[in-house]
Structure formats: C-alpha cells, structure tokens
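Quick look at entry.cif (mmCIF, C-alpha atoms):
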data_structure
#
loop_
_atom_site.label_atom_id
_atom_site.label_comp_id
_atom_site.auth_asym_id
_atom_site.auth_seq_id
_atom_site.Cartn_x
_atom_site.Cartn_y
_atom_site.Cartn_z
CA MET A 17 47.57 113.90 185.35
CA ALA A 18 46.04 111.64 187.95
CA CYS A 19 43.57 110.49 185.38
CA ARG A 20 46.35 109.64 182.98
CA ALA A 21 48.27 107.72 185.63
CA VAL A 22 45.21 105.70 186.51
CA GLN A 23 44.73 104.98 182.81
CA ARG A 24 48.32 103.82 182.49
CA ILE A 25 48.08 101.54 185.51
CA GLY A 26 44.86 100.13 184.22
CA MET A 27 46.36 99.39 180.83
CA SER A 28 49.38 97.78 182.41
CA LEU A 29 47.16 95.57 184.50
CA VAL A 30 45.08 94.54 181.53
CA CYS A 31 48.17 93.80 179.46
CA GLY A 32 49.85 91.95 182.33
CA VAL A 33 46.82 89.79 182.96
CA LEU A 34 46.05 89.07 179.33
CA GLY A 35 49.63 89.03 178.11
CA ILE A 36 48.62 90.71 174.92
CA SER A 37 51.59 91.56 172.79
CA GLY A 38 49.72 94.24 170.93
CA CYS A 39 49.61 96.16 174.16
CA SER A 40 53.38 96.68 174.16
CA SER A 41 52.96 100.22 172.89
CA ALA A 42 51.01 100.95 175.99
CA ARG A 43 54.05 100.33 178.22
CA PRO A 44 57.22 102.43 178.24
CA PRO A 45 60.06 100.45 176.57
CA THR A 46 62.25 100.63 179.65
CA GLU A 47 64.17 97.42 178.94
CA THR A 48 65.07 98.38 175.37
CA MET A 49 66.02 101.85 176.54
CA ALA A 50 68.30 100.42 179.23
CA LYS A 51 69.90 98.15 176.64
CA ALA A 52 70.40 101.07 174.25
CA GLU A 53 71.86 103.18 177.05
CA LEU A 54 74.33 100.40 177.94
CA ALA A 55 75.23 99.80 174.28
CA ILE A 56 75.92 103.51 173.80
CA ARG A 57 78.18 103.54 176.85
CA GLU A 58 80.07 100.48 175.64
CA ALA A 59 80.40 101.93 172.17
CA SER A 60 81.79 105.19 173.62
CA GLU A 61 84.28 103.21 175.68
CA SER A 62 85.44 101.21 172.67
CA ASN A 63 86.42 104.35 170.81
CA ALA A 64 83.35 104.41 168.53
CA SER A 65 83.40 108.21 168.48
CA GLN A 66 86.33 107.87 166.06
CA ALA A 67 85.56 104.62 164.27
CA ALA A 68 81.81 105.19 163.83
CA PRO A 69 80.91 108.75 164.85
CA LEU A 70 77.76 108.88 162.70
CA GLU A 71 76.19 105.75 164.19
CA LEU A 72 77.09 106.77 167.72
CA ASP A 73 75.59 110.24 167.30
CA LEU A 74 72.44 108.75 165.78
CA ALA A 75 72.10 106.36 168.70
CA ARG A 76 72.46 109.17 171.26
CA GLU A 77 70.03 111.38 169.39
CA LYS A 78 67.43 108.64 169.13
CA LEU A 79 67.74 107.69 172.77
CA ALA A 80 67.21 111.31 173.75
CA LYS A 81 64.15 111.46 171.49
CA ALA A 82 62.88 108.19 172.97
CA LYS A 83 63.12 109.72 176.44
CA ALA A 84 61.21 112.74 175.20
CA ALA A 85 58.56 110.47 173.67
CA ILE A 86 58.09 108.73 177.01
CA VAL A 87 57.55 112.07 178.70
CA SER A 88 54.81 112.81 176.19
CA ASP A 89 53.40 109.31 176.67
CA ASP A 90 54.08 108.21 173.08
CA TYR A 91 55.36 104.75 174.02
CA GLU A 92 55.16 103.33 170.51
CA LYS A 93 57.41 106.09 169.20
CA ALA A 94 59.69 105.64 172.20
CA ARG A 95 59.99 101.92 171.51
CA PHE A 96 60.80 102.47 167.84
CA LEU A 97 63.44 105.02 168.70
CA ALA A 98 64.94 102.91 171.48
CA GLU A 99 65.17 99.88 169.20
CA GLN A 100 66.89 101.95 166.54
CA ALA A 101 69.24 103.50 169.10
CA LEU A 102 70.18 100.02 170.29
CA ALA A 103 70.85 98.78 166.74
CA ASP A 104 72.86 101.93 165.94
CA ALA A 105 74.93 101.66 169.11
CA GLN A 106 75.65 97.98 168.52
CA LEU A 107 76.75 98.74 164.98
CA ALA A 108 78.95 101.58 166.26
CA GLU A 109 80.55 99.32 168.85
CA THR A 110 81.19 96.52 166.36
CA LYS A 111 82.71 99.00 163.93
CA ALA A 112 84.95 100.34 166.70
CA GLU A 113 86.05 96.83 167.66
CA SER A 114 86.69 95.99 164.02
CA GLU A 115 88.81 99.11 163.64
CA GLN A 116 90.71 98.27 166.82
CA ALA A 117 91.38 94.73 165.57
CA ARG A 118 92.58 96.08 162.25
CA ALA A 119 94.94 98.51 164.01
CA THR A 120 96.33 95.71 166.20
CA ALA A 121 97.04 93.59 163.12
CA GLN A 122 98.76 96.55 161.52
CA GLU A 123 100.93 97.10 164.61
CA MET A 124 101.90 93.44 164.60
CA ARG A 125 102.82 93.72 160.94
CA LYS A 126 105.06 96.70 161.69
CA ALA A 127 106.70 94.90 164.61
CA ILE A 128 107.59 91.97 162.36
CA GLU A 129 108.89 94.36 159.72
CA ALA A 130 111.12 96.02 162.32
CA LEU A 131 112.45 92.65 163.50
CA ARG A 132 113.24 91.63 159.94
CA THR A 133 115.02 94.91 159.24
CA GLU A 134 117.07 94.48 162.39
CA ALA A 135 117.94 90.91 161.42
CA GLU A 136 119.12 92.08 158.00
CA ARG A 137 121.34 94.69 159.59
CA THR A 138 123.20 92.00 161.55
CA PRO A 139 123.87 89.20 159.04
CA ALA A 140 124.87 85.70 160.14
CA ASN A 141 128.48 86.17 158.98
CA ALA A 142 128.96 89.45 160.81
CA THR A 143 132.49 90.81 160.82
CA LEU A 144 134.18 89.50 163.91
CA THR A 145 136.62 91.66 165.76
CA PRO A 146 139.99 89.99 165.34
CA ASN A 147 142.01 89.41 168.48
CA PRO A 148 145.25 91.39 168.62
CA MET B 2 13.19 93.49 129.45
CA GLU B 3 13.47 97.22 129.44
CA LYS B 4 14.19 97.26 133.12
CA GLY B 5 16.82 94.60 132.56
CA THR B 6 18.34 96.73 129.86
CA ASP B 7 18.38 99.63 132.28
CA HIS B 8 20.18 97.52 134.84
CA SER B 9 22.72 96.39 132.27
CA PHE B 10 23.30 99.96 131.27
CA LEU B 11 23.70 101.06 134.86
CA PHE B 12 26.12 98.24 135.51
CA ALA B 13 28.09 99.10 132.41
CA THR B 14 28.32 102.81 133.16
CA ILE B 15 28.74 102.80 136.93
CA GLY B 16 29.52 99.22 137.89
CA ILE B 17 32.67 98.67 135.85
CA PRO B 18 34.61 101.66 137.18
CA VAL B 19 33.46 100.88 140.69
CA MET B 20 34.51 97.27 140.31
CA ALA B 21 37.85 98.33 138.94
CA LEU B 22 38.32 100.66 141.84
CA LEU B 23 37.31 97.97 144.29
CA ILE B 24 39.69 95.49 142.68
CA ALA B 25 42.51 98.03 142.75
CA VAL B 26 41.89 98.73 146.42
CA PHE B 27 41.67 95.01 147.15
CA MET B 28 44.86 94.25 145.25
CA SER B 29 46.86 96.97 146.89
CA GLY B 30 45.75 95.69 150.27
CA CYS B 31 46.92 92.13 149.84
CA GLY B 32 49.60 92.20 147.16
CA PRO B 33 53.26 92.91 148.05
CA THR B 34 53.54 96.53 149.11
CA ILE B 35 56.63 98.30 147.96
CA ASN B 36 58.44 99.79 150.94
CA PRO B 37 61.77 101.35 149.85
CA ALA B 38 63.40 100.80 153.26
CA LEU B 39 62.44 97.13 153.15
CA GLU B 40 63.73 96.79 149.61
CA ARG B 41 67.07 98.26 150.62
CA ALA B 42 67.30 96.01 153.66
CA ARG B 43 66.49 92.97 151.54
CA ALA B 44 69.15 93.83 148.98
CA ASN B 45 71.70 94.49 151.69
CA TYR B 46 70.86 91.19 153.38
CA LEU B 47 70.97 89.28 150.10
CA GLN B 48 74.45 90.52 149.38
CA ALA B 49 75.74 89.79 152.88
CA SER B 50 74.15 86.34 153.02
CA GLN B 51 76.24 85.32 150.00
CA ASP B 52 79.49 86.41 151.59
CA THR B 53 81.20 83.35 153.05
CA GLN B 54 83.26 85.49 155.46
CA ILE B 55 80.08 86.96 156.95
CA ILE B 56 78.38 83.57 157.08
CA THR B 57 81.39 82.10 158.87
CA HIS B 58 82.29 84.94 161.21
CA ALA B 59 79.04 86.83 161.84
CA ALA B 60 76.27 84.23 161.86
CA VAL B 61 74.46 85.79 164.83
CA PRO B 62 73.82 89.34 163.53
CA LEU B 63 73.07 87.91 160.09
CA GLN B 64 70.44 85.65 161.67
CA GLU B 65 69.00 88.61 163.55
CA ALA B 66 68.73 90.55 160.30
CA GLU B 67 66.91 87.66 158.67
CA THR B 68 64.47 87.39 161.59
CA ALA B 69 63.69 91.11 161.35
CA LEU B 70 63.11 90.82 157.61
CA ARG B 71 60.73 87.86 158.10
CA LYS B 72 58.76 89.86 160.65
CA ALA B 73 58.64 92.83 158.32
CA GLU B 74 57.06 90.64 155.64
CA LYS B 75 54.32 89.55 158.04
CA VAL B 76 53.22 92.90 159.46
CA ASP B 77 50.80 95.20 157.67
CA ASP B 78 51.52 98.43 159.45
CA GLU B 79 53.74 100.50 157.22
CA ASP B 80 55.58 102.16 160.12
CA LYS B 81 56.36 98.77 161.65
CA VAL B 82 57.66 97.51 158.29
CA THR B 83 59.96 100.50 158.00
CA GLN B 84 61.12 100.04 161.59
CA LEU B 85 61.92 96.36 161.09
CA ALA B 86 63.61 97.12 157.76
CA TYR B 87 65.79 99.69 159.50
CA LEU B 88 66.73 97.25 162.25
CA ALA B 89 67.46 94.52 159.68
CA ASN B 90 69.66 96.89 157.72
CA GLN B 91 71.67 97.87 160.79
CA LYS B 92 72.07 94.19 161.70
CA VAL B 93 73.44 93.42 158.25
CA ASP B 94 75.97 96.25 158.61
CA THR B 95 76.84 94.99 162.08
CA ALA B 96 77.42 91.54 160.58
CA ARG B 97 79.81 93.05 158.04
CA ALA B 98 81.77 94.88 160.74
CA GLU B 99 81.81 91.75 162.90
CA ALA B 100 83.21 89.67 160.02
CA GLN B 101 85.93 92.26 159.41
CA LYS B 102 86.78 92.24 163.10
CA LYS B 103 87.12 88.44 163.13
CA ILE B 104 89.27 88.49 159.99
CA ALA B 105 91.57 91.11 161.55
CA GLU B 106 91.78 89.08 164.75
CA ALA B 107 92.72 85.96 162.79
CA THR B 108 95.34 87.98 160.94
CA THR B 109 96.76 89.22 164.23
CA GLU B 110 96.96 85.67 165.52
CA ARG B 111 98.75 84.50 162.39
CA LEU B 112 101.13 87.48 162.56
CA SER B 113 101.76 86.80 166.23
CA GLU B 114 102.92 83.30 165.35
CA GLU B 115 105.03 84.73 162.57
CA ARG B 116 106.61 87.21 164.97
CA GLU B 117 107.39 84.36 167.33
CA ARG B 118 109.09 82.53 164.45
CA VAL B 119 111.09 85.61 163.49
CA LEU B 120 112.18 86.05 167.10
CA VAL B 121 113.28 82.43 167.33
CA GLU B 122 115.19 82.80 164.07
CA ALA B 123 116.92 85.90 165.38
CA ARG B 124 117.87 84.15 168.61
CA THR B 125 119.15 81.12 166.69
CA ARG B 126 121.20 83.36 164.49
CA GLN B 127 122.63 85.21 167.47
CA ALA B 128 123.52 81.92 169.12
CA ALA B 129 125.20 80.67 165.95
CA GLN B 130 127.07 83.93 165.72
CA ALA B 131 128.25 83.68 169.32
CA GLN B 132 129.29 80.08 168.73
CA GLN B 133 131.19 81.08 165.63
CA GLN B 134 132.89 83.84 167.56
CA ALA B 135 133.77 81.47 170.39
CA ALA B 136 135.15 78.92 167.92
CA LEU B 137 137.26 81.61 166.32
CA ALA B 138 138.55 82.80 169.67
CA GLN B 139 139.37 79.21 170.63
CA GLN B 140 141.17 78.72 167.35
CA GLN B 141 143.11 81.90 167.95
CA ALA B 142 144.01 80.73 171.44
CA LEU B 143 145.13 77.37 170.07
CA ASN B 144 147.20 79.11 167.42
CA ALA B 145 148.83 81.34 170.02
CA GLU B 146 149.53 78.37 172.22
CA ALA B 147 151.03 76.41 169.33
CA ARG B 148 153.18 79.38 168.40
CA ALA B 149 154.31 79.78 171.99
CA ARG B 150 155.24 76.10 172.11
CA GLN B 151 157.11 76.42 168.85
CA LEU B 152 158.96 79.45 170.17
CA ALA B 153 159.80 77.66 173.37
CA ILE B 154 161.31 74.85 171.30
CA GLU B 155 163.26 77.31 169.23
CA LEU B 156 164.43 79.26 172.27
CA ALA B 157 165.54 76.04 173.88
CA GLU B 158 168.17 75.88 171.20
CA PHE B 159 169.77 78.86 172.91
CA LYS B 160 169.87 76.83 176.11
CA ALA B 161 167.69 79.48 177.68
CA ARG B 162 167.72 79.41 181.47
CA GLU B 163 164.86 80.71 183.52
CA THR B 164 166.43 82.84 186.26
CA GLU B 165 165.25 85.39 188.79
CA ARG B 166 166.10 88.17 186.35
CA GLY B 167 164.28 86.52 183.46
CA LEU B 168 165.03 84.21 180.60
CA VAL B 169 168.78 84.16 180.03
CA LEU B 170 170.03 83.16 176.59
CA THR B 171 173.67 82.65 175.99
CA ILE B 172 174.93 83.28 172.51
CA GLY B 173 178.36 81.80 172.22
CA ASP B 174 181.14 82.91 169.91
CA VAL B 175 179.59 80.74 167.27
CA LEU B 176 178.15 84.13 166.38
CA PHE B 177 181.47 85.98 166.58
CA GLU B 178 184.93 85.38 165.09
CA TYR B 179 187.88 85.63 167.45
CA ASP B 180 188.50 89.29 168.20
CA LYS B 181 185.55 90.35 166.00
CA ALA B 182 182.29 92.06 166.91
CA GLU B 183 180.35 91.51 163.68
CA LEU B 184 177.63 88.92 163.71
CA ARG B 185 178.25 86.07 161.36
CA ALA B 186 175.81 86.03 158.46
CA GLY B 187 175.01 82.38 159.03
CA ALA B 188 174.35 82.98 162.68
CA LEU B 189 171.56 85.46 162.10
CA ARG B 190 169.06 82.74 161.35
CA ASN B 191 169.47 81.50 164.90
CA LEU B 192 168.36 84.85 166.29
CA TYR B 193 165.04 85.02 164.44
CA PRO B 194 163.10 82.95 166.97
CA LEU B 195 164.17 85.47 169.58
CA VAL B 196 162.96 88.36 167.43
CA THR B 197 159.60 86.64 167.02
CA PHE B 198 159.38 85.96 170.72
CA LEU B 199 160.10 89.57 171.63
CA ARG B 200 157.57 90.82 169.09
CA GLU B 201 154.89 88.64 170.56
CA ASN B 202 155.72 89.66 174.09
CA PRO B 203 155.88 93.43 173.80
CA GLY B 204 155.95 93.80 177.59
CA ARG B 205 159.25 92.01 177.95
CA ASN B 206 162.36 94.12 177.64
CA VAL B 207 165.79 92.78 176.94
CA LEU B 208 169.19 93.31 178.48
CA ILE B 209 172.15 92.59 176.21
CA GLU B 210 175.43 91.80 177.97
CA GLY B 211 178.74 91.34 176.18
CA HIS B 212 181.62 89.24 177.57
CA THR B 213 185.16 88.31 176.39
CA ASP B 214 187.94 85.92 177.36
CA SER B 215 190.99 87.12 179.25
CA ILE B 216 193.32 87.55 176.25
CA GLY B 217 194.11 91.22 175.70
CA SER B 218 193.93 94.25 177.97
CA ASP B 219 190.99 94.90 180.24
CA SER B 220 190.06 98.12 178.50
CA TYR B 221 190.30 96.50 175.06
CA ASN B 222 188.14 93.59 176.19
CA LEU B 223 185.60 95.93 177.76
CA ASP B 224 185.32 97.77 174.48
CA LEU B 225 185.11 94.53 172.49
CA SER B 226 182.36 93.19 174.78
CA GLN B 227 180.43 96.41 174.33
CA ARG B 228 180.73 96.25 170.54
CA ARG B 229 179.53 92.65 170.57
CA ALA B 230 176.46 93.56 172.62
CA ASP B 231 175.88 96.50 170.32
CA ALA B 232 175.98 94.22 167.26
CA VAL B 233 173.18 92.12 168.68
CA ARG B 234 171.26 95.29 169.58
CA GLY B 235 171.67 96.51 165.96
CA PHE B 236 170.31 93.27 164.65
CA LEU B 237 167.24 93.48 166.90
CA LEU B 238 166.70 97.13 165.90
CA GLN B 239 166.84 96.17 162.22
CA ASN B 240 164.14 93.66 162.93
CA GLY B 241 161.78 96.26 164.23
CA LEU B 242 162.20 96.07 167.99
CA GLY B 243 161.99 99.44 169.71
CA PRO B 244 165.28 100.83 171.07
CA GLU B 245 163.52 101.64 174.36
CA ARG B 246 163.19 97.92 175.00
CA MET B 247 166.91 97.23 174.89
CA THR B 248 169.73 98.01 177.27
CA ILE B 249 173.32 97.07 176.47
CA GLN B 250 176.17 96.51 178.83
CA GLY B 251 179.76 95.44 178.18
CA TYR B 252 181.52 93.56 180.97
CA GLY B 253 184.81 92.69 179.29
CA GLU B 254 186.50 89.70 180.89
CA SER B 255 185.07 90.34 184.39
CA TYR B 256 182.48 87.58 184.38
CA PRO B 257 183.93 84.36 182.97
CA VAL B 258 181.75 81.29 182.92
CA ALA B 259 184.70 78.93 182.45
CA SER B 260 188.49 78.84 183.01
CA ASN B 261 190.51 81.05 180.68
CA ASP B 262 193.38 78.57 180.87
CA SER B 263 192.12 76.41 178.00
CA ASP B 264 190.88 77.10 174.49
CA ALA B 265 187.58 75.45 175.30
CA GLY B 266 187.15 77.58 178.41
CA ARG B 267 188.04 80.80 176.58
CA GLN B 268 185.55 80.01 173.82
CA GLN B 269 182.84 79.66 176.42
CA ASN B 270 183.75 83.02 177.88
CA ARG B 271 183.55 84.83 174.50
CA ARG B 272 179.80 85.35 174.54
CA VAL B 273 176.78 87.60 174.60
CA GLU B 274 174.14 86.95 177.16
CA LEU B 275 170.61 88.09 176.43
CA VAL B 276 168.33 88.50 179.39
CA VAL B 277 164.69 88.57 178.39
CA LEU B 278 163.35 90.36 181.43
CA HIS B 279 160.12 89.44 183.15
CA GLU B 280 157.00 91.12 181.94
CA GLY B 281 157.13 94.88 182.55
CA ARG B 282 160.63 94.95 184.11
CA VAL B 283 163.35 97.33 183.09
CA ALA B 284 167.03 96.52 182.96
CA THR B 285 168.90 96.59 186.27
CA PRO B 286 172.67 96.39 186.81
CA ARG B 287 174.15 92.95 186.98
CA ILE B 288 174.73 91.62 190.43
CA ARG B 289 176.88 88.63 190.98
#

Rewrite the coordinates I just gave you, this time as structure tokens.
Amino acid sequence: MACRAVQRIGMSLVCGVLGISGCSSARPPTETMAKAELAIREASESNASQAAPLELDLAREKLAKAKAAIVSDDYEKARFLAEQALADAQLAETKAESEQARATAQEMRKAIEALRTEAERTPANATLTPNP
Amino acid sequence: MEKGTDHSFLFATIGIPVMALLIAVFMSGCGPTINPALERARANYLQASQDTQIITHAAVPLQEAETALRKAEKVDDEDKVTQLAYLANQKVDTARAEAQKKIAEATTERLSEERERVLVEARTRQAAQAQQQAALAQQQALNAEARARQLAIELAEFKARETERGLVLTIGDVLFEYDKAELRAGALRNLYPLVTFLRENPGRNVLIEGHTDSIGSDSYNLDLSQRRADAVRGFLLQNGLGPERMTIQGYGESYPVASNDSDAGRQQNRRVELVVLHEGRVATPRIR
C-alpha cells in the first residue's frame, strides 16, 4: 500500500512538472467526477427521473463504477466512466428541462382555451336584466 | 544464374504471401478503421447538423459533439475512439433536447402574449357591456322621467293640489249629470292619466270622496255622494287597480267648497275628490 502511494505521488509529481497530457490516466479524474456528481444532482432536481429515467440511471451507475475504479486504481477506466456519466446526466437534465418547457406551453395553451370558452359563454350582447 | 533462379523461386513462393500480409497489416493500421460507435455518432451528428432548429437553438452542444468527433478521428486507441464517439453521440442528443426546450419556451412566450391579448379583449368586452348596460339604464331613467313629466302635465288638468294628505284631484260634475251617479262616457278619457299614474306608483293608495250640493235631503245627498264615489272606484277597478288600494267615503252636502245659493256655486259643490295619498299611506278619515 505504502509502495503504491509513493508510486502515485511520484507519478503525480512527474506529470505536474512535465505537464504531460498522456499522464492523465495516472491521476484520479476528480474534477470530472465532481462535475458528473453535480450534473446528476441537478438532473434529479429538474425531474429527470420522469423525463429521462434511462439516462439518469446510466449516469448514476457509471459514477458508482467510476468510484469503484478509483478504489482499484484504474484511473483511465474511472475517467472514461466519469466522462460518460457527465454526458448522460447533462442529457438527462436537458431532456427534463425540455419536457418541463413543453408542459408549461401546454398549460398556457389550456389557459387560453379556458379564457376563450368563458368569453364565448358571455357574448357581447348579453341579455340585460330589464328594470321593472 | 541458378542461385538467382532459386532466389526468384523463394521470393515467388514465400515473398508474395508475406508481402501481401505485410501490406494488409500496414493498410489496416493507417486506413480508416471502422468503429461502429463512431459511425453511429457521425450519422447522428450529420443529421442534427442539418437541422436548422438545432443549429439555431443548440449551437453549443452541437459544437461540443463536433469537437469530440474530430478528436475521435485523430486518436488511434480503439477504446478512446469509442469513448469519444459515445460522448459525441450524447452531445448530439443533448443538442436535440436543448432545441426542443428552446422551441417550447418560444411557444410559451408567444402564448403568453396571446393570453394577454385575450385578457385585454375580455376586459374590453366587459367594459363595453357595462357601458351598454349603463346607457340602457340611463335611457330607462330618462323614459321614466319623461313619463312622469307627461303625467304631471296630464294630472295638472285635474287642478291637482299638493296637500298634507297627498295629491288632491277634484273631479267636478263635468263627470256627472245633475242627480246622477254614472260617469259620463266622454269623461272617462280624462281619468286615464290618473289610472296610469296610479299604476306606475303602486305604493300610493287613493281615497275617493263624494260630495253633493245642498238640494235634496241630507240622507239622499249622502247616498248620492257615496254612489258617485263608488262609480269612480268601479272605473279604477275596471282598469286593473287593486281594490285594497281604494277607500271610498260619501260626505253628502257636508263639505261645500262654494256657496249653494247660486247655480255656479252648487255646480262646484257637486264633485268627487280623489286624494292620491303619499307613498305607503292608508286612508284616514277626513278632518276639516
């Protein structure tokens, strides 16, 4: 374990100093995972569990797998999974927002319909109550 | 020469397949690899990038999808290609959803304006309706006023006097022959304004008082005065006025309004007085 930790620190140092992009798989994709986590939370809050349940479930599943991959030091796999989770969650959230916008438009349509119906029920030349 | 022949033979038998294999390996390494995920992502992107709604409303995710596809074309690692293809595909779908969202939002905005218009129309209509109603009410008030004025003019012909008891109308013996209690046919016309007035003022009751001159006995004159009052009452009843609104009283010769010594005076005393009582009052005995 100690050996592995030393190895990890060493790799990080090397990558940090050299700035080698190819080394990205050697670091845990913490930023992407945080983004995915946030996107999943936002998607859940915007009712994605109903508008896009498949995408949301996929995102959660992949994030969980990414966490597992980090535990087993497979950072490349973790990064792939985190990136996918982020894309899935963003798609789920957009779908949820789209569905919400569609529902709002539909409500507005109904409101107008109701107003029109009401207007028809009381025509301009309504029968006036004659004075006695 | 023989050795050369041997070499040629060796090249022909071993070299050609080896070369072919080498070429095949070389080709597969640098030619376009067929990755099904990438192909799907490309097709999806191609379709979306031709959709004007997506171009207009979801430029950002569409651009992200394109970037991922470009990267996928540059990397060799098959897993990375698949990964980028997946991300590109999700971005394209996100772009579609984003475009739909924007379209729905635009629709909502348009509908919101429409609702505002409908509301304004409804309010305008209500206002017009109220105005119409007010105009009608005003017209009705004017009509009532005009009718009241007309009635007042007509009642003035009876020389109506406003008194404490009410409006007192004196109907002289123009209505009655000497010693008769029947209303003259020609005189009826003069009573119609009164009928109209009483109909339009249902709260005003009427007291009908009969009077005579001094010729004849008291009891006879009392009876005659009562019959005269009753004749007027009958006329009003015929014209639809409720009996509960009328009270009759004969006074005979007890209450002259002029001297009984002359013909002119006696004619004045032969009369029926109609008291149109104040609103809501009931008949009370005459006090002199």

(request) Please report as number ranges by chain which residues of chain A come no farther than 7 Å from chain B, using all atoms listed in the file. (result) A: 96, 100, 103-104, 107, 110-111, 113-114, 117-118, 120-121, 124-125, 128, 135, 140, 144

(message) Residues within 12 Å of Arg57 of chain A, please, as a ChimeraX atom specification. Count all atoms listed in the file; anything in the same chain fewer than 2 positions from it doesn't count.
(response) /A:50-55,59-65,72-73,75-76,79,101-102,105-106,108-109

(request) Using atom CA of Arg205 of chain B and atom CA of Gly167 of chain B as the two end points, give the distance in Å to one decimal. (result) 9.3 Å

(request) For Asp264 of chain B, work out the shell of residues within 12 Å, counting only C-alpha atoms and skipping chain neighbours fewer than 5 positions away, then give it as a PyMOL selection string. (result) chain B and resi 179+214-216+259+269-271

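Taking atom CA of Arg246 of chain B and atom CA of Ala145 of chain B as endpoints, the distance between them is 22.5 Å.
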
(request) For atom CA of Thr83 of chain B and atom CA of Asn36 of chain B, determine how far apart the two atoms are, in Å to one decimal place. (result) 7.3 Å

(request) Write out as a PyMOL selection string the residues lying within 12 Å of Leu238 of chain B, counting only C-alpha atoms and excluding same-chain residues fewer than 3 positions away. (result) chain B and resi 196+199-200+207+231-235+241-248

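Using all atoms listed in the file, the smallest distance between any of B:Arg272, B:Arg166, B:Arg185, B:Arg267 and Gln227 of chain B comes from B:Arg272.
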
(request) Could you tell me which of B:Lys75, B:Leu168, B:Pro37, B:Tyr252 comes closest to Ser220 of chain B if we count all atoms listed in the file? (result) B:Tyr252

Please write as a compact mmCIF listing (two decimals) with C-alpha atoms, in the coordinates of the input the full residue list that the PyMOL selection byres ((chain B and resi 45) around 10) yields on this file.
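Below is the file that was written, out.txt:
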# COMPACT_ATOMS: atom_id res chain seq x y z
CA LEU B 39 62.44 97.13 153.15
CA GLU B 40 63.73 96.79 149.61
CA ARG B 41 67.07 98.26 150.62
CA ALA B 42 67.30 96.01 153.66
CA ARG B 43 66.49 92.97 151.54
CA ALA B 44 69.15 93.83 148.98
CA TYR B 46 70.86 91.19 153.38
CA LEU B 47 70.97 89.28 150.10
CA GLN B 48 74.45 90.52 149.38
CA ALA B 49 75.74 89.79 152.88
CA SER B 50 74.15 86.34 153.02
CA ALA B 66 68.73 90.55 160.30
CA ALA B 89 67.46 94.52 159.68
CA ASN B 90 69.66 96.89 157.72
CA GLN B 91 71.67 97.87 160.79
CA VAL B 93 73.44 93.42 158.25
CA ASP B 94 75.97 96.25 158.61

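Distances to Glu77 of chain A were evaluated for A:Asp90, A:Leu97, A:Thr48, A:Gln116 using all atoms listed in the file, and the minimum falls at A:Leu97.
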
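If only C-alpha atoms are the atoms counted, then among B:Glu67, B:Asp262, B:Glu280, B:Glu210 the closest residue to Ile172 of chain B is B:Glu210.
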
(message) On this structure, the PyMOL selection byres ((chain A and resi 46) around 10) would catch which residues? List them as a ChimeraX atom specification, sorted by chain and number.
(response) /A:43-45,47-52,83,86,91,94-95,98

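Residue selection for this entry, given the PyMOL selection byres ((chain B and resi 211) around 9), comprises B:Ile209, B:Glu210, B:His212, B:Thr213, B:Leu223, B:Leu225, B:Ser226, B:Gln227, B:Arg228, B:Arg229, B:Ala230, B:Asp231, B:Ile249, B:Gln250, B:Gly251, B:Tyr252, B:Gly253, B:Arg271, B:Arg272, B:Val273, B:Glu274, B:Leu275.
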
(request) Compare B:Glu163, B:Ala182, B:Asn222, B:Ile154 by their minimum atom-to-atom distance to Ser255 of chain B, counting only C-alpha atoms, and give me the closest one. (result) B:Asn222

(request) Could you check which of B:His58, B:His279, B:Lys72, B:Arg150 is closest to Asn206 of chain B, using all atoms listed in the file? (result) B:His279

Could you pull segment 189-204 of chain B out of the block above and save it with N, CA and C atoms, as a compact mmCIF listing (two decimals), in the first residue's frame?
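Wrote it out as selection-v7.txt, contents follow:
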# COMPACT_ATOMS: atom_id res chain seq x y z
N LEU B 189 -114.61 59.74 -19.28
CA LEU B 189 -113.68 58.67 -18.89
C LEU B 189 -112.25 58.95 -19.34
N ARG B 190 -112.18 59.48 -20.54
CA ARG B 190 -110.87 59.75 -21.13
C ARG B 190 -110.00 60.58 -20.18
N ASN B 191 -110.69 61.50 -19.49
CA ASN B 191 -109.95 62.39 -18.58
C ASN B 191 -109.37 61.65 -17.38
N LEU B 192 -109.91 60.47 -17.07
CA LEU B 192 -109.43 59.74 -15.91
C LEU B 192 -108.24 58.82 -16.21
N TYR B 193 -107.99 58.61 -17.49
CA TYR B 193 -106.90 57.67 -17.84
C TYR B 193 -105.52 58.09 -17.33
N PRO B 194 -105.19 59.37 -17.41
CA PRO B 194 -103.88 59.74 -16.85
C PRO B 194 -103.74 59.35 -15.38
N LEU B 195 -104.86 59.44 -14.66
CA LEU B 195 -104.82 59.08 -13.25
C LEU B 195 -104.55 57.58 -13.08
N VAL B 196 -105.25 56.80 -13.94
CA VAL B 196 -105.04 55.34 -13.90
C VAL B 196 -103.57 55.03 -14.13
N THR B 197 -103.01 55.65 -15.15
CA THR B 197 -101.59 55.41 -15.47
C THR B 197 -100.71 55.80 -14.30
N PHE B 198 -101.02 56.93 -13.72
CA PHE B 198 -100.21 57.42 -12.60
C PHE B 198 -100.24 56.43 -11.43
N LEU B 199 -101.44 55.93 -11.14
CA LEU B 199 -101.57 55.01 -10.01
C LEU B 199 -100.89 53.67 -10.30
N ARG B 200 -100.93 53.27 -11.56
CA ARG B 200 -100.25 52.02 -11.93
C ARG B 200 -98.74 52.15 -11.74
N GLU B 201 -98.24 53.32 -12.09
CA GLU B 201 -96.79 53.50 -12.01
C GLU B 201 -96.32 53.83 -10.61
N ASN B 202 -97.24 54.10 -9.74
CA ASN B 202 -96.88 54.38 -8.35
C ASN B 202 -97.66 53.43 -7.45
N PRO B 203 -97.29 52.16 -7.49
CA PRO B 203 -98.09 51.15 -6.78
C PRO B 203 -98.12 51.34 -5.27
N GLY B 204 -97.24 52.19 -4.75
CA GLY B 204 -97.22 52.41 -3.30
C GLY B 204 -98.19 53.51 -2.86
